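Participant: Pasting a structure here, questions to come.
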Amino acid sequence: MGGDPFDFHLREIPSDVAEVVVEGAKGHLDEFYDHRTNNNFAKFFDRKEIEKRHPVFLSDLLRTVPGASIYASERSGNRVMLRDCKPMVWLDGMRAQGAELDEVVGPTDVAGLEVYPSSAGLPPQYQDRNNRMCGAIVVWTKNQ
């Protein structure tokens, strides 16, 4: 069953294909981007800035935030103080009661970080009556 080999000549036939538009959605980061656009009181770190700085611990980013003090922790990472007061930490909109920033999440998992050194400019949903002057750290993860 030999047979002669086939010889094919392929010809390109042009056709119109409908235009495809792909739009990215921020999804759960909408709130982060809204705060960054409309708030002058907080310091914001997006994914690009975090990657650029290569922090070992997320708290290392706060070394450039006025009013922030970083201390070695006895457990893991660092302890963060804002204006000599322990800030409230929020992770994807959920309060991390009593937690230190570095205990909650690592730098590679973060898409956005908001640091409020005091209650000035702090969105109402992140205010705490018992911790008014201490500010807050709001963390947005990549994998929400």
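Just so we're on the same page: first chain in the structure tokens is A, next is B, and so on; residues restart at 1 for each chain, and ligands are numbered from 1 in the order they show up.
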Can you pull out every residue within 7 Å of segment 79-89 of chain A, counting only C-alpha atoms, but drop anything in the same chain fewer than 2 positions away, and send it as an mmCIF file with C-alpha atoms, in the first residue's frame?
Facilitator:
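And here's result_7.cif as it stands now:
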data_model
loop_
_atom_site.group_PDB
_atom_site.id
_atom_site.type_symbol
_atom_site.label_atom_id
_atom_site.label_comp_id
_atom_site.auth_asym_id
_atom_site.auth_seq_id
_atom_site.Cartn_x
_atom_site.Cartn_y
_atom_site.Cartn_z
ATOM 1 C CA SER A 59 5.334 46.535 57.621
ATOM 2 C CA GLY A 67 4.091 59.085 62.035
ATOM 3 C CA ALA A 68 4.761 55.355 61.619
ATOM 4 C CA SER A 69 7.191 53.521 63.896
ATOM 5 C CA ILE A 70 8.312 49.952 63.272
ATOM 6 C CA TYR A 71 9.567 47.712 66.088
ATOM 7 C CA ALA A 72 10.807 44.125 66.052
ATOM 8 C CA SER A 73 8.105 41.734 67.156
ATOM 9 C CA LEU A 91 -8.100 42.698 55.635
ATOM 10 C CA ARG A 95 -11.422 43.647 60.979
ATOM 11 C CA ALA A 96 -8.394 41.722 62.230
ATOM 12 C CA ALA A 99 -3.544 41.433 65.014
ATOM 13 C CA GLU A 100 -0.278 42.895 63.819
ATOM 14 C CA LEU A 101 -0.013 43.658 60.123
ATOM 15 C CA PRO A 117 -1.852 57.624 60.453
ATOM 16 C CA CYS A 134 -4.744 55.397 66.301
ATOM 17 C CA GLY A 135 -5.549 55.298 62.610
ATOM 18 C CA ALA A 136 -5.879 52.161 60.552
ATOM 19 C CA ILE A 137 -4.170 49.963 58.003
ATOM 20 C CA VAL A 138 -6.465 48.615 55.289
#
Participant: Considering only C-alpha atoms, return as a PDB file with N, CA and C atoms, in the first residue's frame whatever protein or nucleic-acid residues lie within 10 Å of Gly121 of chain A, sequence-local ones (same chain, fewer than 5 positions apart) excluded.
Facilitator:
ATOM      1  N   HIS A  35     -10.650  55.211  47.194  1.00  0.00           N
ATOM      2  CA  HIS A  35      -9.991  55.886  48.317  1.00  0.00           C
ATOM      3  C   HIS A  35      -8.729  56.600  47.850  1.00  0.00           C
ATOM      4  N   ASN A  38      -9.635  59.814  45.988  1.00  0.00           N
ATOM      5  CA  ASN A  38     -10.371  60.852  46.705  1.00  0.00           C
ATOM      6  C   ASN A  38      -9.876  61.162  48.114  1.00  0.00           C
ATOM      7  N   ASN A  39      -8.726  60.654  48.518  1.00  0.00           N
ATOM      8  CA  ASN A  39      -8.273  60.855  49.889  1.00  0.00           C
ATOM      9  C   ASN A  39      -6.849  61.380  49.921  1.00  0.00           C
ATOM     10  N   ASN A  40      -6.649  62.489  50.608  1.00  0.00           N
ATOM     11  CA  ASN A  40      -5.315  63.093  50.728  1.00  0.00           C
ATOM     12  C   ASN A  40      -4.661  62.821  52.074  1.00  0.00           C
ATOM     13  N   PHE A  41      -5.349  62.100  52.958  1.00  0.00           N
ATOM     14  CA  PHE A  41      -4.834  61.889  54.301  1.00  0.00           C
ATOM     15  C   PHE A  41      -4.047  60.585  54.451  1.00  0.00           C
ATOM     16  N   ALA A  42      -4.291  59.641  53.575  1.00  0.00           N
ATOM     17  CA  ALA A  42      -3.676  58.314  53.705  1.00  0.00           C
ATOM     18  C   ALA A  42      -2.493  58.167  52.758  1.00  0.00           C
ATOM     19  N   TYR A 116      -3.636  54.938  57.240  1.00  0.00           N
ATOM     20  CA  TYR A 116      -4.206  56.166  57.799  1.00  0.00           C
ATOM     21  C   TYR A 116      -3.530  56.419  59.143  1.00  0.00           C
ATOM     22  N   GLN A 127     -13.700  53.068  60.900  1.00  0.00           N
ATOM     23  CA  GLN A 127     -13.495  53.787  62.150  1.00  0.00           C
ATOM     24  C   GLN A 127     -13.915  52.913  63.322  1.00  0.00           C
ATOM     25  N   GLY A 135      -5.613  55.549  64.044  1.00  0.00           N
ATOM     26  CA  GLY A 135      -5.549  55.298  62.610  1.00  0.00           C
ATOM     27  C   GLY A 135      -5.845  53.849  62.274  1.00  0.00           C
TER      28      GLY A 135
END
Participant: Grab the atom CA of Ile50 of chain A to atom CA of Pro107 of chain A distance for me, in Å with one decimal place.
Facilitator: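 Calculated distance between atom CA of Ile50 of chain A and atom CA of Pro107 of chain A is 7.2 Å.
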Participant: Please, what distance in Å, to one decimal, runs between atom CA of Val139 of chain A and atom CA of Gly93 of chain A?
Facilitator: 8.0 Å
Participant: Which is closest to Val104 of chain A among A:Ser76, A:Phe8, A:Pro124, A:Asn130, if we use only C-alpha atoms?
Facilitator: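 Selected residue with least distance to Val104 of chain A: A:Ser76.
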Participant: From a DSSP pass on the backbone, collect the residues of chain A flagged as alpha helix (DSSP H) and hand them back as a list in words.
Facilitator: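 DSSP-assigned alpha helix (DSSP H) residues in chain A: Asp30, Glu31, Phe32, Tyr33, Asp34, His35, Arg36, Thr37, Asn38, Arg47, Lys48, Glu49, Ile50, Glu51, Lys52, Arg53, Leu101, Asp102, Glu103 and Val104 of chain A.
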Participant: Mind writing the picked residues with N, CA and C atoms as a CSV table (one decimal), in the first residue's frame?
Facilitator:
chain,number,residue,atom,x,y,z
A,30,ASP,N,-12.1,48.1,43.8
A,30,ASP,CA,-12.8,49.3,43.5
A,30,ASP,C,-12.7,50.3,44.6
A,31,GLU,N,-12.9,49.8,45.8
A,31,GLU,CA,-12.9,50.6,47.0
A,31,GLU,C,-11.5,51.2,47.2
A,32,PHE,N,-10.4,50.4,47.1
A,32,PHE,CA,-9.1,50.9,47.2
A,32,PHE,C,-8.8,52.0,46.2
A,33,TYR,N,-9.1,51.8,44.9
A,33,TYR,CA,-8.9,52.8,43.9
A,33,TYR,C,-9.7,54.1,44.2
A,34,ASP,N,-10.9,54.0,44.7
A,34,ASP,CA,-11.7,55.1,45.0
A,34,ASP,C,-11.1,55.9,46.2
A,35,HIS,N,-10.7,55.2,47.2
A,35,HIS,CA,-10.0,55.9,48.3
A,35,HIS,C,-8.7,56.6,47.9
A,36,ARG,N,-7.9,55.9,47.0
A,36,ARG,CA,-6.7,56.5,46.6
A,36,ARG,C,-6.9,57.8,45.7
A,37,THR,N,-8.0,57.8,44.9
A,37,THR,CA,-8.3,58.9,44.1
A,37,THR,C,-8.9,60.1,44.9
A,38,ASN,N,-9.6,59.8,46.0
A,38,ASN,CA,-10.4,60.9,46.7
A,38,ASN,C,-9.9,61.2,48.1
A,47,ARG,N,0.1,47.4,44.0
A,47,ARG,CA,0.9,46.2,43.7
A,47,ARG,C,2.2,46.6,43.1
A,48,LYS,N,2.2,47.5,42.1
A,48,LYS,CA,3.4,47.9,41.4
A,48,LYS,C,4.4,48.5,42.4
A,49,GLU,N,4.0,49.3,43.3
A,49,GLU,CA,4.9,49.9,44.3
A,49,GLU,C,5.4,48.9,45.3
A,50,ILE,N,4.6,47.9,45.7
A,50,ILE,CA,5.0,46.9,46.6
A,50,ILE,C,6.1,46.0,45.9
A,51,GLU,N,5.9,45.7,44.7
A,51,GLU,CA,6.9,44.9,43.9
A,51,GLU,C,8.2,45.6,43.8
A,52,LYS,N,8.1,46.9,43.5
A,52,LYS,CA,9.3,47.8,43.3
A,52,LYS,C,10.1,47.8,44.6
A,53,ARG,N,9.5,47.8,45.8
A,53,ARG,CA,10.2,47.9,47.0
A,53,ARG,C,10.7,46.6,47.6
A,101,LEU,N,0.0,43.7,61.6
A,101,LEU,CA,0.0,43.7,60.1
A,101,LEU,C,0.7,42.4,59.6
A,102,ASP,N,1.9,42.2,60.0
A,102,ASP,CA,2.7,41.1,59.5
A,102,ASP,C,2.2,39.7,59.8
A,103,GLU,N,1.3,39.6,60.8
A,103,GLU,CA,0.7,38.3,61.2
A,103,GLU,C,-0.5,38.0,60.3
A,104,VAL,N,-1.0,39.0,59.6
A,104,VAL,CA,-2.2,38.9,58.8
A,104,VAL,C,-1.9,38.4,57.4
Participant: Please list as a PyMOL selection string every residue within 7 Å of Gly106 of chain A, counting only C-alpha atoms and excluding residues in the same chain fewer than 2 positions away.
Facilitator: chain A and resi 57-58+102+108-109
Participant: Write out the residues from the selection above, keeping N, CA and C atoms, as a PDB file, in the first residue's frame.
Facilitator:
ATOM      1  N   PHE A  57       8.834  42.092  54.999  1.00  0.00           N
ATOM      2  CA  PHE A  57       7.554  42.107  55.693  1.00  0.00           C
ATOM      3  C   PHE A  57       6.748  43.280  55.159  1.00  0.00           C
ATOM      4  N   LEU A  58       5.439  43.161  55.165  1.00  0.00           N
ATOM      5  CA  LEU A  58       4.585  44.235  54.680  1.00  0.00           C
ATOM      6  C   LEU A  58       4.818  45.519  55.480  1.00  0.00           C
ATOM      7  N   ASP A 102       1.927  42.181  60.010  1.00  0.00           N
ATOM      8  CA  ASP A 102       2.725  41.079  59.462  1.00  0.00           C
ATOM      9  C   ASP A 102       2.193  39.700  59.828  1.00  0.00           C
ATOM     10  N   THR A 108       3.626  39.378  49.207  1.00  0.00           N
ATOM     11  CA  THR A 108       3.316  38.807  47.894  1.00  0.00           C
ATOM     12  C   THR A 108       1.823  38.603  47.671  1.00  0.00           C
ATOM     13  N   ASP A 109       1.028  38.636  48.741  1.00  0.00           N
ATOM     14  CA  ASP A 109      -0.418  38.420  48.626  1.00  0.00           C
ATOM     15  C   ASP A 109      -1.222  39.714  48.536  1.00  0.00           C
TER      16      ASP A 109
END
Participant: So that I can check the secondary structure, give me every residue of segment 31-77 of chain A assigned strand (DSSP E or B) by backbone DSSP, as a list in words.
Facilitator: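 Assigned to strand (DSSP E or B), within segment 31-77 of chain A: Lys43, Phe44, Phe45, Asp46, Ala68, Ser69, Ile70, Tyr71 and Ala72 of chain A.
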